[in-house]
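What follows is one structure encoded as structure tokens, with my remarks underneath.
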Amino acid sequence: MAADDLLTPHSRIRLQSLADGALRVTHAPIESDAYPPDPPWLPDLLAGRDPGQSQAGGSVAATVKGGCLEITRPDGRLILAEARPTRLVPDIRVAFRLSPGEILYGWGEQFGAFARTRGRLTLNAFNAPSFLQRHRSYSAIPMFFSRRGYSVLLLNAHPTQWNIDSRRGVLSVRALAGAADYLLIFGETPREILRTYTGLTGRPPLLPRWAHGLWGTGYPQEDQERVIELAREHARHRIPLEVIILDYHWEEAFHNFRWRRSLFPDPDRLLRDLGQLGIRLGLILTPFVNRQNRPLEKRVLNWRLRNVPPAEIASDERALPEYEECARRDLLAHPNAWWWFGRGGMLDFTNRQTVDWWAAKLGPLLRQGISFFKNDDGEYLPEAGRSALGLEGPEHHNLYGFYYGKATYEALQRVDDRRPIVYARSVWAGSQRYPGLFLGDQTPTFGHMRSTLRAGLNLGLAGFAYWTADVFGLDGRTTPETHMRYAQWALFAPIARYFWRPAPIDATRFPWSHGEAAEANFRRLTDLRRCLAPYYAGLAWEAYQSGIPLLRPMLLEYPYDARFERTDDQLMIGADLLLAPVLEAGARVRHVVLPPGAWHDFWTERTWHGVDSAMVPAPLDRVPLLVRGGALIPMMPPGPPAPDGMGYSDLELHLWPPFSGACSLREDDGLTRAYQRGEAAETGLRVEQRDDQVDIHIAPPNGGFPGLPEDRRWTIVLHRVAALGRPRQLAEHGVCEVAHSGGAARIRIRFPTGAGCVLHIPGVTTGATPEE
């Protein structure tokens with residue numbers, strides 16, 4: 001027994017500081033000579049950090065009171081206390097003391113609630129279609145986040161049951177196997193906790209720039225000519241796609257990784273035609289290698305779900321040579337698992353030979369021109385599944401999505417210098433290193449808008465920066481109202497994808513399905529998303545460097561404002577944009593709780609200042625989107641995205657009063673991993689106002705990359721301005737043009753990128769009338 005172990009009547013406790021603000025707590029039986037061995041997956045979770053090596057950390061005091069561990073700060077403030085002696089046999093039971101009214105968040109992708117003070121949760125990865133999502137999740141992560149300044153990740157991947165008993169003030173967790181072992185993260189603010197947590201478990205790398213555009217998937221899969229025609233139809237409607245994902249039946253068998261020629265007779269031409277439209281192609285995958293068809297079940301499911309192309313209903317989709325190879329080489333976690341389109345082996349991605357086999361199969365498709373893969377169906381591993389790493393079946397079931405995503409990510413890394421995307425459905429702690437994530441299957445209802453919003457906010461508190469709530473969900477007919485309102489929420493998600501169905505099945509899911517008003521609504525939002533690309537890029541860099549997600553719960557930005565403790569119906573896009581989706585049928589006004597300061601309606605001239613909340617007009621074609629007073633928002637002008645490999649040659653900088661603040665423009669080639677080798681640029685942007693003069697500072701860029709423009713044009717847009725004098729630029733190049741209309745002043749300037757610029761604007765009078 002180590003000298004610094006703590007003893008209780010039933011166990012001894014080892015404390016290890018993994019970082020400043022991060023403590024590992026491990027229980028062992030009092031009579032045991034050793035602590036339980038580390039789970040074999042722990043080094044992968046901690047991204048190579050040695051879990052047994054203590055690090056210098058912030059000082060805490062740990063004592064045992066009443067047989068229970070208690071951890072406090074040096075000033076005596078309680079961080080965490082166990083509520084009952086921890087039980088280690090025959091099962092694992094740990095209980096934590098809760099303060100009166102303590103609010104908890106998290107547990108992964110939870111649709112049913114955001115802020116919790118009571119209730120039960122069962123955490124076990126599960127195929128959770130829309131009707132099960134109140135109590136089930138594709139991605140169940142045993143991590144919770146407390147409003148009181150700490151977070152706990154249970155280092156146990158077995159299924160767990162959690163009970164929040166507010167009457168007794170106890171949060172308890174039970175696992176049938178594994179260890180009583182957890183990671184305690186603590187800090188003064190949620191941002192600090194999230195930075196520490198993601199510093200241990202990993203932060204999301206940057207996505208390619210095109211991934212921030214509009215994605216689309218047809219379900220079930222239509223043929224090559226129809227895919228190309230739909231891509232062109234989007235362009236004709238001025239709603240261009242940047243990504244198409246082909247559904248299951250792109251492939252002739254599951255999985256032989258060969259094109260289904262009955263639907264795609266010339267995949268090279270498909271890639272070429274889509275490339276000419278600026279569209280990247282992704283392919284759906286599953287972890288199965290079929291050895292058996294299930295024709296009756298397939299027909300029944302297709303009758304219910306319409307998920308098979310009509311001509312493919314009788315296709316033989318066995319991949320027998322691949323199955324036999326995998327079985328012979330012991331690459332399978334299970335030899336006979338059931339899924340939607342057959343029965344066969346599930347690959348064991350904890351086996352390095354399986355990872356190599358997988359990469360060898362994906363490599364030719366990537367070299368052919370496929371941009372990424374969608375990892376579907378990672379929740380099906382039976383409890384009897386095996387693992388080359390030594391995982392027990394139930395824990396392998398929950399960790400399957402983590403290793404599945406890791407294998408696909410590494411396969412993309414092996415091919416070239418592209419930025420990998422793993423568009424997964426099932427993840428675990430640490431999977432944020434292999435972005436992104438889709439929230440499974442919903443329908444186009446206001447209820448599912450609410451539930452996906454809650455799930456996204458919960459995932460953000462676990463470090464997941466890139467997720468999508470599919471626009472209109474997977475299936476179900478839209479109405480004009482649900483079509484417009486769902487788009488107004490989901491097109492702001494970190495990844496924006498929508499599902500269409502073949503017109504004979506459902507013709508209500510295209511952007512143009514409900515006439516001009518719905519189409520204009522969809523187009524306006526996708527245009528805005530494209531214009532906001534520089535702003536989103538800055539948020540992506542923040543996630544990469546600190547783990548803070550792009551879309552944020554209000555409490556993450558305003559941790560000391562108790563009004564936002566339970567807020568799950570509005571959110572922040574970064575620090576400067578507040579989005580309040582309309583979540584009730586028939587509503588044409590939206591109650592928005594406002595943080596302190598001035599808040600400006602993005603769409604109109606309305607401003608609110610010094611009020612706690614506002615009833616914001618929300619006509620059917622407009623979502624409440626507010627801008628923080630003092631914000632600097634870098635944007636692109638309307639038009640196509642910046643070319644691959646290049647920085648921005650034409651930018652707008654939008655400013656809202658009071659004109660005082662700063663931000664950074666972050667740039668890189670938008671395509672490769674060169675940014676990880678230092679090939680990137682950061683341009684400081686600052687505005688300050690003295691009396692009626694506004695000064696705008698655009699610094700020379702810090703750093704660089706081959707595609708950084710030698711010079712660029714800036715359009716400075718001052719909103720809520722009633723009058724201004726003639727701007728004066730402190731550079732050799734003069735102001736190109738000044739325009740003033742609609743309550744905004746637009747000043748166009750052009751100068752060498754490396755020179756920087758200071759712009760003096762005298763006589764500025766703001767013209768907004770605050771609303772009380």
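Residue numbering restarts at 1 for every chain of the structure tokens, chains are lettered A, B, ... in their displayed order, and ligands are numbered from 1 as they appear.
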Would you mind listing, for every residue of segment 392-481 of chain A within 10 Å of segment 190-202 of chain A, the two atoms forming the shortest contact and the distance between them in Å to one decimal, using only C-alpha atoms, sorted by chain and ascending residue number, as a tab-separated table?
residue	atom	partner	partner_atom	distance
A:Ala429	CA	A:Thr201	CA	7.3
A:Gly430	CA	A:Thr201	CA	5.1
A:Ser431	CA	A:Gly202	CA	8.2
A:Gln432	CA	A:Gly202	CA	6.9
A:Arg433	CA	A:Gly202	CA	5.7
A:Tyr434	CA	A:Gly202	CA	9.4
A:Gly460	CA	A:Leu194	CA	9.2
A:Leu461	CA	A:Leu194	CA	6.9
A:Ala462	CA	A:Leu194	CA	7.3
A:Gly463	CA	A:Thr198	CA	6.3
A:Phe464	CA	A:Thr198	CA	9.5
For Gly767 of chain A, work out the shell of residues within 7 Å, counting only C-alpha atoms and skipping chain neighbours fewer than 2 positions away, then give it as a ChimeraX atom specification. /A:720-722,765,769
To one decimal in Å, tell me the separation between atom CA of Gly345 of chain A and atom CA of Val289 of chain A.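 Here the two named atoms are 5.1 Å from each other.
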Taking 5 positions as the minimum chain separation for residues in the same chain, which residues sit within 6 Å of segment 652-664 of chain A when counting only C-alpha atoms? Answer as a list in words.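 Here the qualifying residues turn out to be Gly629, Gly630, Ala631, Leu632, Ile633, Pro634, Met635, Met636, Thr683, Gly684, Leu685, Arg686, Val687, Glu688, Gln689, Trp714, Thr715, Ile716, Val717, Leu718 and His719 of chain A.
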Please write the residues from the selection above to a file, keeping N, CA and C atoms, as an mmCIF file, in the first residue's frame.
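Generated output (out.cif):
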data_model
loop_
_atom_site.group_PDB
_atom_site.id
_atom_site.type_symbol
_atom_site.label_atom_id
_atom_site.label_comp_id
_atom_site.auth_asym_id
_atom_site.auth_seq_id
_atom_site.Cartn_x
_atom_site.Cartn_y
_atom_site.Cartn_z
ATOM 1 N N GLY A 629 -23.682 43.330 -28.762
ATOM 2 C CA GLY A 629 -23.129 44.655 -28.960
ATOM 3 C C GLY A 629 -21.634 44.669 -28.715
ATOM 4 N N GLY A 630 -20.890 45.296 -29.637
ATOM 5 C CA GLY A 630 -19.434 45.281 -29.571
ATOM 6 C C GLY A 630 -18.796 44.171 -30.365
ATOM 7 N N ALA A 631 -19.620 43.333 -31.020
ATOM 8 C CA ALA A 631 -19.090 42.194 -31.765
ATOM 9 C C ALA A 631 -18.416 42.646 -33.052
ATOM 10 N N LEU A 632 -17.375 41.910 -33.442
ATOM 11 C CA LEU A 632 -16.747 42.004 -34.753
ATOM 12 C C LEU A 632 -16.942 40.649 -35.421
ATOM 13 N N ILE A 633 -17.670 40.611 -36.522
ATOM 14 C CA ILE A 633 -17.964 39.353 -37.202
ATOM 15 C C ILE A 633 -17.324 39.389 -38.587
ATOM 16 N N PRO A 634 -16.235 38.644 -38.813
ATOM 17 C CA PRO A 634 -15.692 38.561 -40.173
ATOM 18 C C PRO A 634 -16.568 37.650 -41.032
ATOM 19 N N MET A 635 -16.894 38.116 -42.228
ATOM 20 C CA MET A 635 -17.771 37.375 -43.128
ATOM 21 C C MET A 635 -17.238 37.454 -44.553
ATOM 22 N N MET A 636 -17.706 36.542 -45.380
ATOM 23 C CA MET A 636 -17.469 36.627 -46.817
ATOM 24 C C MET A 636 -18.634 37.351 -47.460
ATOM 25 N N THR A 683 -4.877 37.063 -38.160
ATOM 26 C CA THR A 683 -4.907 38.514 -38.340
ATOM 27 C C THR A 683 -5.725 39.133 -37.222
ATOM 28 N N GLY A 684 -5.103 39.985 -36.440
ATOM 29 C CA GLY A 684 -5.809 40.649 -35.354
ATOM 30 C C GLY A 684 -6.697 41.773 -35.870
ATOM 31 N N LEU A 685 -7.928 41.830 -35.383
ATOM 32 C CA LEU A 685 -8.901 42.853 -35.758
ATOM 33 C C LEU A 685 -9.364 43.541 -34.479
ATOM 34 N N ARG A 686 -9.352 44.882 -34.486
ATOM 35 C CA ARG A 686 -9.716 45.610 -33.265
ATOM 36 C C ARG A 686 -10.461 46.879 -33.639
ATOM 37 N N VAL A 687 -11.469 47.216 -32.848
ATOM 38 C CA VAL A 687 -12.207 48.465 -33.037
ATOM 39 C C VAL A 687 -12.331 49.167 -31.690
ATOM 40 N N GLU A 688 -12.211 50.484 -31.715
ATOM 41 C CA GLU A 688 -12.407 51.266 -30.501
ATOM 42 C C GLU A 688 -13.036 52.600 -30.884
ATOM 43 N N GLN A 689 -13.820 53.137 -29.954
ATOM 44 C CA GLN A 689 -14.519 54.393 -30.210
ATOM 45 C C GLN A 689 -14.177 55.390 -29.115
ATOM 46 N N TRP A 714 -11.306 44.691 -48.189
ATOM 47 C CA TRP A 714 -12.153 44.638 -46.995
ATOM 48 C C TRP A 714 -13.335 45.580 -47.201
ATOM 49 N N THR A 715 -14.491 45.127 -46.783
ATOM 50 C CA THR A 715 -15.658 45.996 -46.666
ATOM 51 C C THR A 715 -16.005 46.084 -45.190
ATOM 52 N N ILE A 716 -15.805 47.263 -44.624
ATOM 53 C CA ILE A 716 -16.129 47.496 -43.211
ATOM 54 C C ILE A 716 -17.588 47.912 -43.144
ATOM 55 N N VAL A 717 -18.392 47.174 -42.393
ATOM 56 C CA VAL A 717 -19.817 47.445 -42.295
ATOM 57 C C VAL A 717 -20.130 47.838 -40.852
ATOM 58 N N LEU A 718 -20.480 49.104 -40.657
ATOM 59 C CA LEU A 718 -20.873 49.597 -39.339
ATOM 60 C C LEU A 718 -22.395 49.620 -39.276
ATOM 61 N N HIS A 719 -22.949 48.779 -38.439
ATOM 62 C CA HIS A 719 -24.398 48.700 -38.296
ATOM 63 C C HIS A 719 -24.894 49.723 -37.268
#
Pick from A:Gly378, A:Gly278, A:Pro502, A:Gly342: nearest to Ala235 of chain A, with only C-alpha atoms counted?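 Comparing A:Gly378, A:Gly278, A:Pro502, A:Gly342 against Ala235 of chain A, the winner is A:Gly278.
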Segment 569-742 of chain A: which residues are strand (DSSP E or B) by DSSP, as a ChimeraX atom specification? /A:571-573,577-579,589-593,598-601,607-609,613-617,625-628,632-635,650-655,661-667,672,680-690,693-698,702-704,711-719,721-723,728-729,737-741
Would you work out the distance separating atom CA of Ala455 of chain A from atom CA of Asp475 of chain A, expressed in Å to one decimal?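 So the answer is 18.7 Å.
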Could you list, as JSON, numbers by chain, every residue within 9 Å of Ser59 of chain A, counting only C-alpha atoms and ignoring same-chain residues fewer than 6 positions away? {"A": [20, 21, 73, 74]}
Near-His600 of chain A list (7 Å; only C-alpha atoms; drop same-chain fewer than 2 positions) as a ChimeraX atom specification: /A:598,602,606-608,626-629
Name the residues in contact with Leu620 of chain A at a cut-off of 12 Å, using only C-alpha atoms, excluding same-chain residues fewer than 3 positions from it; report them as a JSON list (two decimals) with C-alpha atoms, in the first residue's frame.
[["chain", "number", "residue", "atom", "x", "y", "z"],
["A", 480, "PRO", "CA", -44.44, 24.45, -44.91],
["A", 481, "GLU", "CA", -44.06, 25.43, -41.26],
["A", 482, "THR", "CA", -41.89, 22.49, -40.12],
["A", 483, "HIS", "CA", -39.84, 22.78, -43.30],
["A", 484, "MET", "CA", -39.00, 26.42, -42.57],
["A", 485, "ARG", "CA", -38.57, 26.16, -38.82],
["A", 486, "TYR", "CA", -36.41, 23.01, -38.97],
["A", 487, "ALA", "CA", -34.12, 24.68, -41.52],
["A", 488, "GLN", "CA", -33.86, 27.74, -39.28],
["A", 517, "ALA", "CA", -41.38, 31.26, -49.46],
["A", 518, "ALA", "CA", -39.93, 28.01, -48.08],
["A", 520, "ALA", "CA", -36.27, 31.51, -50.16],
["A", 521, "ASN", "CA", -36.02, 30.74, -46.44],
["A", 522, "PHE", "CA", -33.72, 27.77, -47.12],
["A", 581, "PRO", "CA", -35.05, 28.73, -32.79],
["A", 582, "VAL", "CA", -38.83, 28.78, -32.87],
["A", 583, "LEU", "CA", -39.86, 25.50, -31.26],
["A", 584, "GLU", "CA", -43.64, 25.82, -31.08],
["A", 585, "ALA", "CA", -46.14, 25.39, -33.88],
["A", 586, "GLY", "CA", -47.86, 28.59, -34.89],
["A", 587, "ALA", "CA", -45.54, 30.88, -32.92],
["A", 588, "ARG", "CA", -44.68, 34.20, -34.54],
["A", 589, "VAL", "CA", -42.84, 35.74, -31.63],
["A", 590, "ARG", "CA", -40.08, 34.26, -29.48],
["A", 617, "PRO", "CA", -40.57, 38.98, -33.67],
["A", 623, "VAL", "CA", -35.44, 32.91, -36.97],
["A", 624, "PRO", "CA", -34.43, 35.12, -34.05]]
Quick one: residues within 8 Å of Phe126 of chain A, only C-alpha atoms, excluding same-chain residues fewer than 4 positions away - as a list in words?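 The residues that qualify are Arg136, Ser137, Tyr138, Ser139, Glu379 and Tyr380 of chain A.
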For Val592 of chain A, which residue out of A:Ser649, A:Asn127, A:Ser613, A:Thr468 is the nearest one, using only C-alpha atoms?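 That would be A:Ser613, the residue with the smallest distance to Val592 of chain A.
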Selected residue, from A:Pro39, A:Gly101, A:Gly725, A:Gly106, that lies nearest to Leu121 of chain A when counting only C-alpha atoms: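 Among the listed residues, A:Gly106 lies closest to Leu121 of chain A.
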Report, in Å with one decimal, the straight-line distance from atom CA of Trp250 of chain A to atom CA of Arg209 of chain A.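 Computing the Euclidean distance for atom CA of Trp250 of chain A and atom CA of Arg209 of chain A yields 25.4 Å.
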Mind listing the alpha helix (DSSP H) residues of segment 484-678 of chain A, per DSSP on the backbone, as a PyMOL selection string? chain A and resi 484-490+515-531+533-546+554-557
Measuring atom to atom with only C-alpha atoms, identify which of A:Thr567, A:Gln16, A:Ser11, A:Asn336 is nearest to Ile103 of chain A.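 Once distances to Ile103 of chain A are computed over only C-alpha atoms, the minimum belongs to A:Thr567.
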